[in-house]
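Participant: input_10.cif is reproduced below (mmCIF, C-alpha atoms and all ligand atoms).
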```cif
data_structure
#
loop_
_atom_site.label_atom_id
_atom_site.label_comp_id
_atom_site.auth_asym_id
_atom_site.auth_seq_id
_atom_site.Cartn_x
_atom_site.Cartn_y
_atom_site.Cartn_z
CA MET A 1 227.37 -54.72 -4.88
CA VAL A 2 225.31 -56.29 -7.62
CA ASP A 3 227.35 -58.15 -10.27
CA GLY A 4 230.42 -56.24 -9.19
CA VAL A 5 228.73 -52.85 -9.49
CA LYS A 6 227.88 -50.66 -6.53
CA ARG A 7 224.15 -49.96 -6.64
CA LYS A 8 221.73 -47.92 -4.54
CA VAL A 9 219.31 -50.56 -3.35
CA LEU A 10 216.42 -51.18 -1.00
CA MET A 11 216.14 -54.54 0.73
CA HIS A 12 212.89 -55.87 2.10
CA ALA A 13 212.00 -59.22 3.63
CA ASP A 14 208.29 -59.32 2.94
CA ARG A 15 205.70 -61.06 5.03
CA ASN A 16 204.91 -63.08 1.93
CA GLY A 17 208.17 -65.02 2.39
CA PHE A 18 210.23 -63.39 -0.37
CA LEU A 19 213.32 -61.27 0.14
CA TYR A 20 213.27 -58.40 -2.34
CA THR A 21 216.15 -56.23 -3.50
CA LEU A 22 215.11 -53.21 -5.57
CA ASP A 23 217.03 -50.42 -7.22
CA ARG A 24 215.92 -47.55 -5.03
CA THR A 25 216.54 -44.91 -7.68
CA ASN A 26 213.98 -46.34 -10.09
CA GLY A 27 212.06 -49.06 -8.24
CA LYS A 28 213.26 -51.85 -10.57
CA LEU A 29 213.33 -55.29 -9.06
CA ILE A 30 216.82 -56.81 -8.92
CA ALA A 31 216.14 -60.00 -7.00
CA ALA A 32 213.34 -61.73 -5.09
CA ASN A 33 213.89 -65.11 -3.47
CA PRO A 34 212.17 -67.08 -0.72
CA TYR A 35 213.93 -66.79 2.65
CA VAL A 36 211.52 -69.02 4.61
CA LYS A 37 209.30 -71.90 3.49
CA VAL A 38 206.88 -70.57 0.87
CA ASN A 39 204.21 -72.71 -0.75
CA TRP A 40 201.74 -70.21 -2.22
CA ALA A 41 204.04 -68.96 -5.00
CA GLU A 42 206.82 -70.60 -6.98
CA ARG A 43 208.80 -67.46 -7.56
CA ILE A 44 208.54 -63.76 -8.29
CA ASP A 45 208.67 -62.85 -11.95
CA LEU A 46 211.49 -60.32 -12.20
CA THR A 47 210.08 -58.50 -15.19
CA THR A 48 206.56 -58.00 -13.86
CA ALA A 49 207.48 -58.24 -10.15
CA ARG A 50 204.33 -60.37 -9.76
CA PRO A 51 204.29 -63.74 -7.98
CA VAL A 52 203.89 -66.90 -10.01
CA GLU A 53 201.31 -68.70 -7.90
CA THR A 54 201.24 -72.40 -7.08
CA ASP A 55 198.11 -74.51 -6.95
CA VAL A 56 197.87 -73.69 -3.21
CA ALA A 57 196.86 -70.12 -4.05
CA LYS A 58 194.58 -71.37 -6.82
CA ARG A 59 192.87 -73.92 -4.58
CA LEU A 60 192.36 -71.25 -1.93
CA ARG A 61 190.61 -69.01 -4.46
CA ALA A 62 188.50 -71.96 -5.56
CA GLY A 63 187.18 -72.25 -2.00
CA GLU A 64 189.26 -75.16 -0.68
CA LYS A 65 190.74 -75.28 2.79
CA VAL A 66 194.51 -74.96 2.37
CA GLU A 67 197.67 -74.67 4.42
CA VAL A 68 199.69 -71.60 3.52
CA LYS A 69 203.32 -70.94 4.32
CA PRO A 70 204.35 -68.53 5.65
CA ARG A 71 201.56 -67.77 8.11
CA TRP A 72 199.82 -64.36 7.91
CA THR A 73 202.24 -63.09 10.55
CA GLY A 74 204.86 -63.42 7.83
CA GLY A 75 208.30 -64.85 7.29
CA LYS A 76 209.30 -61.66 9.01
CA ASN A 77 206.99 -59.21 10.75
CA TRP A 78 207.74 -55.65 11.86
CA MET A 79 211.07 -56.58 13.43
CA PRO A 80 213.89 -54.56 11.88
CA MET A 81 216.61 -56.51 10.13
CA ALA A 82 220.18 -55.30 9.95
CA PHE A 83 222.58 -55.00 7.05
CA ASN A 84 226.32 -55.06 7.60
CA PRO A 85 228.14 -53.43 4.67
CA ASN A 86 231.38 -55.16 5.73
CA THR A 87 229.94 -58.64 5.26
CA GLY A 88 227.27 -57.74 2.68
CA ARG A 89 224.76 -59.79 4.65
CA LEU A 90 221.36 -59.23 6.16
CA TYR A 91 220.68 -60.37 9.72
CA LEU A 92 217.15 -61.07 10.80
CA ALA A 93 214.74 -63.17 12.81
CA MET A 94 212.68 -65.44 10.57
CA LEU A 95 209.33 -67.01 11.37
CA GLU A 96 208.32 -70.48 10.16
CA GLU A 97 204.64 -71.02 10.78
CA THR A 98 201.69 -72.21 8.73
CA SER A 99 198.20 -70.75 8.35
CA VAL A 100 195.09 -72.68 7.49
CA TYR A 101 192.74 -70.61 5.35
CA GLN A 102 189.35 -71.11 3.81
CA LEU A 103 187.45 -68.29 2.17
CA ASN A 104 183.94 -67.82 3.57
CA LYS A 105 181.32 -68.95 1.06
CA GLU A 106 179.23 -65.92 1.88
CA LEU A 107 180.63 -62.68 3.17
CA PRO A 108 179.98 -62.39 6.89
CA VAL A 109 177.71 -59.65 8.23
CA TYR A 110 179.76 -56.66 9.28
CA LYS A 111 179.59 -55.95 13.00
CA ALA A 112 181.28 -52.79 14.23
CA GLY A 113 184.21 -53.56 16.51
CA GLU A 114 184.57 -57.15 15.36
CA ARG A 115 187.13 -58.62 13.04
CA TYR A 116 185.87 -58.69 9.46
CA MET A 117 187.96 -60.91 7.26
CA GLY A 118 185.85 -63.07 4.98
CA VAL A 119 188.19 -65.96 5.60
CA GLU A 120 188.50 -68.68 8.18
CA ASN A 121 191.99 -68.23 9.49
CA THR A 122 193.66 -70.63 11.91
CA THR A 123 197.16 -71.89 12.52
CA ALA A 124 198.31 -75.36 11.56
CA PRO A 125 199.54 -77.51 14.46
CA ARG A 126 203.29 -77.53 14.81
CA THR A 127 205.34 -80.54 13.83
CA PRO A 128 207.24 -81.54 16.97
CA GLY A 129 210.97 -80.96 16.67
CA GLU A 130 210.59 -78.32 13.94
CA PRO A 131 211.96 -74.87 14.80
CA TRP A 132 209.60 -71.91 15.23
CA GLY A 133 211.98 -69.85 13.20
CA TYR A 134 215.60 -68.82 12.97
CA PHE A 135 218.06 -66.10 13.53
CA GLY A 136 219.94 -65.95 10.29
CA ALA A 137 222.48 -64.24 8.06
CA LEU A 138 221.33 -64.06 4.45
CA ASP A 139 222.74 -63.02 1.14
CA PRO A 140 220.33 -60.26 0.00
CA LEU A 141 220.45 -61.30 -3.64
CA THR A 142 219.94 -65.04 -3.30
CA ALA A 143 218.38 -65.28 0.19
CA ARG A 144 220.82 -68.14 0.79
CA PRO A 145 221.87 -68.34 4.43
CA LYS A 146 225.45 -68.09 5.60
CA TRP A 147 224.09 -69.57 8.82
CA LYS A 148 220.76 -70.19 10.49
CA LEU A 149 220.30 -70.56 14.21
CA PRO A 150 217.13 -72.56 14.96
CA LEU A 151 214.72 -71.21 17.58
CA MET A 152 213.22 -74.25 19.26
CA ASP A 153 211.29 -72.79 22.23
CA LEU A 154 209.50 -69.83 20.69
CA PRO A 155 209.89 -67.62 17.64
CA SER A 156 211.79 -64.37 18.07
CA TRP A 157 209.94 -61.08 17.61
CA SER A 158 212.99 -58.99 18.21
CA GLY A 159 214.99 -56.85 15.82
CA MET A 160 218.61 -57.49 14.92
CA LEU A 161 221.49 -55.15 15.37
CA ALA A 162 224.75 -55.42 13.45
CA THR A 163 227.97 -53.89 14.76
CA ALA A 164 231.45 -53.38 13.41
CA GLY A 165 232.81 -55.64 16.15
CA GLY A 166 231.88 -58.90 14.45
CA LEU A 167 228.78 -59.46 16.56
CA VAL A 168 225.08 -59.18 15.91
CA PHE A 169 222.64 -58.71 18.78
CA SER A 170 219.06 -59.75 19.25
CA GLY A 171 216.58 -60.94 21.84
CA ARG A 172 214.62 -64.10 22.44
CA SER A 173 211.05 -64.48 23.59
CA THR A 174 212.43 -66.61 26.40
CA GLY A 175 214.17 -63.49 27.74
CA GLU A 176 217.79 -63.83 26.67
CA PHE A 177 219.54 -60.89 25.11
CA VAL A 178 222.04 -62.56 22.81
CA ALA A 179 225.31 -61.69 21.10
CA ILE A 180 225.86 -63.85 18.01
CA ASP A 181 229.06 -64.31 16.06
CA GLU A 182 228.21 -62.78 12.68
CA ASP A 183 230.40 -65.30 10.89
CA THR A 184 229.37 -68.59 12.43
CA GLY A 185 225.97 -67.91 13.94
CA SER A 186 226.99 -69.23 17.33
CA ILE A 187 225.86 -67.48 20.47
CA VAL A 188 228.95 -66.08 22.13
CA TRP A 189 227.27 -64.38 25.06
CA GLN A 190 223.80 -64.04 26.47
CA PHE A 191 222.12 -62.32 29.34
CA LYS A 192 218.81 -63.40 30.83
CA THR A 193 216.73 -60.25 31.23
CA GLY A 194 213.84 -61.85 33.09
CA SER A 195 211.17 -61.22 30.47
CA GLY A 196 210.60 -61.83 26.79
CA ILE A 197 212.26 -59.42 24.39
CA ASN A 198 210.21 -58.29 21.43
CA ALA A 199 211.59 -54.97 20.40
CA ALA A 200 214.47 -53.55 18.46
CA ASP A 201 217.94 -53.55 19.92
CA HIS A 202 219.72 -50.32 19.29
CA LEU A 203 222.96 -48.58 19.85
CA HIS A 204 223.35 -45.00 20.84
CA ALA A 205 226.42 -42.94 21.40
CA GLN A 206 226.73 -41.25 24.74
CA GLY A 207 228.57 -38.14 23.65
CA PRO A 208 231.62 -37.86 21.47
CA ALA A 209 234.07 -37.62 24.35
CA VAL A 210 232.92 -40.82 25.94
CA ARG A 211 233.79 -43.68 23.63
CA GLN A 212 231.26 -45.86 25.24
CA ARG A 213 227.97 -46.85 23.85
CA ALA A 214 224.90 -48.20 25.39
CA LEU A 215 223.15 -51.08 23.87
CA GLY A 216 219.53 -51.29 24.76
CA ALA A 217 216.75 -53.70 24.20
CA ARG A 218 213.20 -52.95 25.00
CA ARG A 219 211.63 -55.89 26.66
CA ARG A 220 208.04 -56.61 27.16
CA ASP A 221 206.63 -59.17 29.48
CA LEU A 222 204.58 -61.84 27.86
CA GLY A 223 201.34 -62.92 29.35
CA GLU A 224 199.35 -61.51 32.21
CA GLU A 225 195.97 -60.79 30.81
CA GLY A 226 194.97 -57.17 30.58
CA ASN A 227 198.41 -55.71 30.84
CA ARG A 228 199.61 -57.31 27.70
CA GLY A 229 201.34 -54.93 25.40
CA GLN A 230 200.46 -51.84 27.33
CA SER A 231 202.18 -51.22 30.54
CA ALA A 232 204.96 -53.67 30.89
CA SER A 233 207.48 -52.15 28.54
CA ARG A 234 210.85 -51.40 29.95
CA TRP A 235 214.13 -50.44 28.51
CA ILE A 236 217.17 -52.28 29.56
CA GLY A 237 220.51 -50.78 28.88
CA LEU A 238 223.66 -52.83 28.74
CA ASP A 239 226.89 -50.96 28.46
CA VAL A 240 229.13 -52.56 25.93
CA CYS A 241 231.91 -51.14 23.83
CA PRO A 242 231.39 -52.48 20.33
CA ASP A 243 234.27 -50.47 19.01
CA ALA A 244 235.91 -52.23 16.10
CA ARG A 245 239.30 -51.56 17.61
CA LEU A 246 238.57 -53.42 20.79
CA ASN A 247 238.80 -57.13 20.55
CA ARG A 248 235.77 -59.25 20.97
CA ALA A 249 236.82 -60.76 24.28
CA LYS A 250 236.91 -57.32 25.81
CA ILE A 251 233.49 -56.45 24.48
CA ILE A 252 232.04 -59.57 25.97
CA LEU A 253 233.82 -59.11 29.25
CA THR A 254 232.68 -55.52 29.66
CA ALA A 255 229.13 -56.42 28.87
CA TRP A 256 229.22 -59.38 31.18
CA LEU A 257 230.67 -57.49 34.11
CA LEU A 258 228.22 -54.65 33.75
CA ALA A 259 225.35 -57.03 33.41
CA LEU A 260 226.39 -58.65 36.65
CA ALA A 261 226.87 -55.35 38.38
CA GLN A 262 223.54 -54.00 37.29
CA PRO A 263 220.54 -56.27 37.05
CA ALA A 264 217.91 -55.00 34.63
CA SER A 265 215.43 -54.10 37.35
CA ALA A 266 217.92 -51.79 39.05
CA GLN A 267 217.75 -49.59 35.99
CA ASP A 268 214.03 -49.00 36.14
CA PRO A 269 213.36 -45.45 37.24
CA PHE A 270 210.87 -46.51 39.94
CA LYS A 271 211.66 -48.20 43.19
CA PRO A 272 209.52 -51.18 44.14
CA GLU A 273 208.56 -49.49 47.46
CA GLN A 274 207.30 -46.46 45.57
CA VAL A 275 205.19 -48.59 43.22
CA LYS A 276 203.82 -50.49 46.21
CA SER A 277 202.86 -47.37 48.11
CA GLY A 278 201.28 -46.01 44.90
CA SER A 279 199.25 -49.17 44.56
CA GLU A 280 197.91 -48.77 48.10
CA THR A 281 196.90 -45.14 47.52
CA TYR A 282 195.36 -46.20 44.24
CA ALA A 283 193.29 -48.95 45.83
CA ARG A 284 191.98 -46.52 48.45
CA HIS A 285 191.18 -43.46 46.32
CA CYS A 286 191.22 -44.25 42.64
CA ALA A 287 189.97 -47.83 42.25
CA PRO A 288 186.29 -46.92 42.79
CA CYS A 289 186.20 -45.11 39.43
CA HIS A 290 189.30 -46.32 37.55
CA GLY A 291 188.74 -49.95 38.48
CA PRO A 292 190.56 -52.34 40.81
CA ARG A 293 194.21 -52.63 39.72
CA MET A 294 193.29 -50.36 36.79
CA ALA A 295 191.13 -53.06 35.16
CA ASP A 296 187.42 -52.57 34.40
CA PRO A 297 187.18 -48.81 35.00
CA GLU A 298 183.67 -47.48 35.60
CA GLY A 299 182.94 -44.26 33.79
CA ALA A 300 186.57 -43.15 34.07
CA PRO A 301 189.45 -43.55 31.60
CA ASP A 302 191.47 -46.76 31.47
CA LEU A 303 194.71 -45.68 33.13
CA ARG A 304 196.62 -48.58 31.58
CA LYS A 305 196.35 -46.54 28.40
CA PHE A 306 197.58 -43.30 29.92
CA PRO A 307 200.62 -42.23 27.87
CA ARG A 308 203.85 -43.16 29.69
CA ASP A 309 205.67 -40.09 28.49
CA GLN A 310 203.18 -37.62 30.02
CA ARG A 311 204.16 -37.56 33.66
CA GLU A 312 203.55 -33.81 33.99
CA ARG A 313 200.03 -34.12 32.65
CA PHE A 314 199.34 -36.95 35.09
CA LEU A 315 200.60 -34.96 38.07
CA THR A 316 198.60 -31.86 37.05
CA SER A 317 195.36 -33.68 36.24
CA VAL A 318 195.49 -35.64 39.47
CA SER A 319 196.35 -32.75 41.77
CA LYS A 320 194.10 -30.14 40.12
CA GLY A 321 191.37 -32.45 38.84
CA LYS A 322 189.96 -32.63 35.36
CA ASN A 323 186.32 -32.07 34.35
CA SER A 324 184.32 -34.56 36.41
CA MET A 325 187.39 -35.94 38.16
CA PRO A 326 187.85 -34.30 41.56
CA PRO A 327 191.19 -32.64 42.45
CA TRP A 328 193.39 -34.70 44.78
CA GLY A 329 196.03 -32.06 45.55
CA ASP A 330 194.48 -31.14 48.92
CA LEU A 331 194.09 -34.70 50.06
CA LEU A 332 197.30 -36.29 48.80
CA LYS A 333 200.89 -35.13 49.27
CA ALA A 334 203.13 -34.55 46.26
CA ASP A 335 205.13 -37.71 46.94
CA GLU A 336 201.93 -39.72 47.17
CA ILE A 337 200.86 -38.47 43.74
CA GLU A 338 204.37 -39.22 42.49
CA ALA A 339 203.99 -42.78 43.84
CA LEU A 340 200.64 -43.05 42.02
CA TRP A 341 202.48 -42.14 38.84
CA ALA A 342 205.08 -44.85 39.54
CA TYR A 343 202.22 -47.31 39.95
CA VAL A 344 200.39 -46.23 36.79
CA ALA A 345 203.52 -45.87 34.65
CA THR A 346 204.77 -49.35 35.49
CA GLY A 347 201.34 -50.87 35.10
CA GLY A 348 201.53 -51.98 38.72
CA ARG A 349 204.57 -54.15 38.17
CA ASN A 350 207.81 -54.34 40.11
C1 LIG A 401 184.88 -40.10 41.21
C2 LIG A 401 185.51 -40.90 40.19
C3 LIG A 401 187.03 -40.76 40.07
C4 LIG A 401 187.99 -40.98 41.03
C5 LIG A 401 187.77 -41.41 42.45
C6 LIG A 401 189.26 -40.76 40.38
N1 LIG A 401 189.09 -40.42 39.08
FE1 LIG A 401 190.53 -40.04 37.72
N2 LIG A 401 189.13 -39.59 36.33
C7 LIG A 401 187.76 -39.68 36.52
C8 LIG A 401 187.09 -39.23 35.33
C9 LIG A 401 185.59 -39.19 35.09
C10 LIG A 401 188.11 -38.84 34.44
C11 LIG A 401 187.93 -38.25 33.03
C12 LIG A 401 188.02 -36.76 33.13
C13 LIG A 401 187.83 -36.11 31.77
O1 LIG A 401 188.82 -36.08 31.01
O2 LIG A 401 186.72 -35.68 31.50
C14 LIG A 401 189.36 -39.09 35.11
C15 LIG A 401 190.59 -38.87 34.52
C16 LIG A 401 191.79 -39.21 35.11
C17 LIG A 401 193.07 -39.08 34.48
C18 LIG A 401 193.31 -38.57 33.06
C19 LIG A 401 193.54 -37.10 33.12
C20 LIG A 401 193.97 -36.56 31.81
O3 LIG A 401 194.87 -35.72 31.81
O4 LIG A 401 193.41 -36.96 30.78
C21 LIG A 401 194.00 -39.51 35.35
C22 LIG A 401 195.49 -39.57 35.14
C23 LIG A 401 193.31 -39.90 36.54
N3 LIG A 401 191.97 -39.70 36.36
C24 LIG A 401 193.92 -40.41 37.68
C25 LIG A 401 193.26 -40.64 38.87
C26 LIG A 401 193.93 -41.00 40.08
C27 LIG A 401 195.42 -41.25 40.23
C28 LIG A 401 192.97 -41.15 41.03
C29 LIG A 401 193.15 -41.47 42.48
C30 LIG A 401 193.88 -40.52 43.27
C31 LIG A 401 191.69 -40.85 40.38
N4 LIG A 401 191.92 -40.55 39.08
C32 LIG A 401 190.47 -40.93 41.01
C33 LIG A 401 187.12 -40.13 37.64
C34 LIG A 401 187.73 -40.41 38.85
#
```
Represent the structure from my file as structure tokens, please.
Facilitator:
Amino acid sequence: MVDGVKRKVLMHADRNGFLYTLDRTNGKLIAANPYVKVNWAERIDLTTARPVETDVAKRLRAGEKVEVKPRWTGGKNWMPMAFNPNTGRLYLAMLEETSVYQLNKELPVYKAGERYMGVENTTAPRTPGEPWGYFGALDPLTARPKWKLPLMDLPSWSGMLATAGGLVFSGRSTGEFVAIDEDTGSIVWQFKTGSGINAADHLHAQGPAVRQRALGARRRDLGEEGNRGQSASRWIGLDVCPDARLNRAKIILTAWLLALAQPASAQDPFKPEQVKSGSETYARHCAPCHGPRMADPEGAPDLRKFPRDQRERFLTSVSKGKNSMPPWGDLLKADEIEALWAYVATGGRN
């Protein structure tokens, strides 16, 4: 609703720090307001949709070293935000960081495979006690928060999920999957998953007859050089019943009981023994070409990059061989090759 009129809109929290609402039928800008700290522009001109820059942007162009808020990672990055039509609010994870930029006086020489930016780009040191960002509920037209929940340990790179049950869900980089009261911003329940969450939470119905829904969050371990961002993704599923007709206490209780009954690791499709036996077979037969623990392969593909959804291809290529890779089907039993898949698909974790 814009000025009491129902409009077809598009809402976008840009990396540049402004929250835009457009008329999606004609692209006209309705509102654009800062939702995090912004120092490079004063405002967005609603008639031209162009930013009105501050002297920070001007000094940067003039070659000075300047601090720019938000950082290049944005006030929000890829993480999906959620809109709840019942409250008219947007729910999202916001980032509050500061870049330090200085344009290079001369354009650097282009080297293939290396970053080519033409700007010195670092991050300003953090002020102790300042949050890294917030979970928040914003008015899309003013960007004013109904509430903001400060994130003191790390920023959140997780999406937000709104439900009809009065709760929004998200994840923290410190590993907690959280249920937040959409009205007050207080955490009403959380579940420690054991690794940082930086993916979108989502709901999916499990068939019309079963009025139960699964709520999943993809989690990805932080750290561990080499495996970062490739092999450590897992889905965790928590069964909750965010049905508007159930009261909140029941939702929380169901989620809590199921979380207790089923630790996240129990839901991984591979058993630790299987991964372990796969790792032993790997070390014996595959490491010479594909590299110890899949790192530093010599003349063979990097198996950490092998697509996780192509189990059949893995089994076939390994048992029948592929081009210069010898077939292993005669030497290894089917369950040994299956264990190799468990090892490769989990990136050697478990
Ligand atoms: C003698 C070196 C060598 C050994 C040992 C070896 N591989 Fe390979 N592997 C290769 C080469 C080379 C390729 C690339 C083949 C191509 O696509 O041309 C390859 C490709 C693969 C692929 C990708 C196949 C595809 O469909 O693209 C997988 C999976 C694989 N190897 C798994 C294994 C496993 C598991 C083992 C241990 C049982 C193993 N490899 C042992 C050399 C080796």
Participant: Would you be able to write out as a ChimeraX atom specification which residues have an atom within 7 Å of (214.4, -63.0, -1.4) in the file's coordinates, counting only C-alpha atoms?
Facilitator: /A:13,18-20,31-35,140-143
Participant: Return the single residue from A:Ser99, A:Gly299, A:Glu42, A:Glu338 that is closest to A:Leu315, with distances computed using only C-alpha atoms.
Facilitator: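 Comparing A:Ser99, A:Gly299, A:Glu42, A:Glu338 against A:Leu315, the winner is A:Glu338.
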Participant: What gap, in Å, lies between atom CA of A:Ser317 and atom C19 of ligand LIG 401 (chain A)?
Facilitator: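 Straight-line distance from atom CA of A:Ser317 to atom C19 of ligand LIG 401 (chain A) works out to 5.0 Å.
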Participant: Nearest to A:Glu97 among A:Asn121, A:Pro131, A:Glu114, A:Met11, with distances taken over all atoms listed in the file: which residue is it?
Facilitator: A:Pro131
Participant: Taking only residues of chain A that have an atom at most 7 Å from an atom of ligand LIG 401 (chain A), what is each one's shortest atom pair and its distance in Å to one decimal, using only C-alpha atoms and all ligand atoms, in chain and number order, as CSV?
Facilitator:
```
residue,atom,partner,partner_atom,distance
A:Thr281,CA,A:LIG401,C30,7.0
A:Tyr282,CA,A:LIG401,C29,5.5
A:His285,CA,A:LIG401,C29,4.8
A:Cys286,CA,A:LIG401,C29,3.4
A:Ala287,CA,A:LIG401,C5,6.8
A:Pro288,CA,A:LIG401,C5,5.7
A:Cys289,CA,A:LIG401,C2,4.3
A:His290,CA,A:LIG401,N1,6.1
A:Gly299,CA,A:LIG401,C9,5.9
A:Ala300,CA,A:LIG401,C8,4.2
A:Pro301,CA,A:LIG401,C15,5.6
A:Leu303,CA,A:LIG401,C22,6.5
A:Phe306,CA,A:LIG401,C22,6.7
A:Arg313,CA,A:LIG401,O3,5.5
A:Phe314,CA,A:LIG401,C22,4.7
A:Ser317,CA,A:LIG401,O3,4.9
A:Val318,CA,A:LIG401,C24,5.3
A:Lys322,CA,A:LIG401,C12,5.1
A:Asn323,CA,A:LIG401,O2,4.6
A:Ser324,CA,A:LIG401,C9,5.0
A:Met325,CA,A:LIG401,C7,4.1
A:Pro326,CA,A:LIG401,C1,6.5
A:Trp328,CA,A:LIG401,C30,6.0
A:Leu340,CA,A:LIG401,C27,5.8
```
Participant: Take the residues that were just selected and, keeping C-alpha atoms, output them as a tab-separated table (two decimals), in the frame of the given file.
Facilitator:
```
chain	number	residue	atom	x	y	z
A	281	THR	CA	196.90	-45.14	47.52
A	282	TYR	CA	195.36	-46.20	44.24
A	285	HIS	CA	191.18	-43.46	46.32
A	286	CYS	CA	191.22	-44.25	42.64
A	287	ALA	CA	189.97	-47.83	42.25
A	288	PRO	CA	186.29	-46.92	42.79
A	289	CYS	CA	186.20	-45.11	39.43
A	290	HIS	CA	189.30	-46.32	37.55
A	299	GLY	CA	182.94	-44.26	33.79
A	300	ALA	CA	186.57	-43.15	34.07
A	301	PRO	CA	189.45	-43.55	31.60
A	303	LEU	CA	194.71	-45.68	33.13
A	306	PHE	CA	197.58	-43.30	29.92
A	313	ARG	CA	200.03	-34.12	32.65
A	314	PHE	CA	199.34	-36.95	35.09
A	317	SER	CA	195.36	-33.68	36.24
A	318	VAL	CA	195.49	-35.64	39.47
A	322	LYS	CA	189.96	-32.63	35.36
A	323	ASN	CA	186.32	-32.07	34.35
A	324	SER	CA	184.32	-34.56	36.41
A	325	MET	CA	187.39	-35.94	38.16
A	326	PRO	CA	187.85	-34.30	41.56
A	328	TRP	CA	193.39	-34.70	44.78
A	340	LEU	CA	200.64	-43.05	42.02
```
Participant: Measuring atom to atom with only C-alpha atoms, identify which of A:Pro297, A:Ser319, A:Pro307, A:Val168 is nearest to A:Ser186.
Facilitator: A:Val168
Participant: Using Å and a single decimal, report how far atom CA of A:Pro269 sits from atom CA of A:Ala334.
Facilitator: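 Here the two named atoms are 17.5 Å from each other.
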Participant: Rounded to one decimal, what separation in Å do you get between atom CA of A:Thr174 and atom CA of A:Arg15?
Facilitator: 23.1 Å
Participant: Could you check which of A:Arg71, A:Gly113, A:Asp330, A:Leu90 is closest to A:Thr21, using all atoms listed in the file?
Facilitator: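 Counting all atoms listed in the file, the residue closest to A:Thr21 is A:Leu90.
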Participant: So that I can see what lies close to A:Met94, please list as number ranges by chain the residues with an atom at most 12 Å from it, counting all atoms listed in the file and leaving out residues fewer than 2 positions away in the same chain.
Facilitator: A: 13-19, 34-37, 70-71, 73-81, 90-92, 96-97, 131-138, 143, 145, 148-151, 154-160
Participant: Neighbouring residues of A:Lys8 were defined as those with any atom within 9 Å, considering all atoms listed in the file; residues of the same chain fewer than 4 positions away were excluded. Please report them as a list of chain:residue names.
Facilitator: A:Met1, A:Leu22, A:Asp23, A:Arg24, A:Thr25
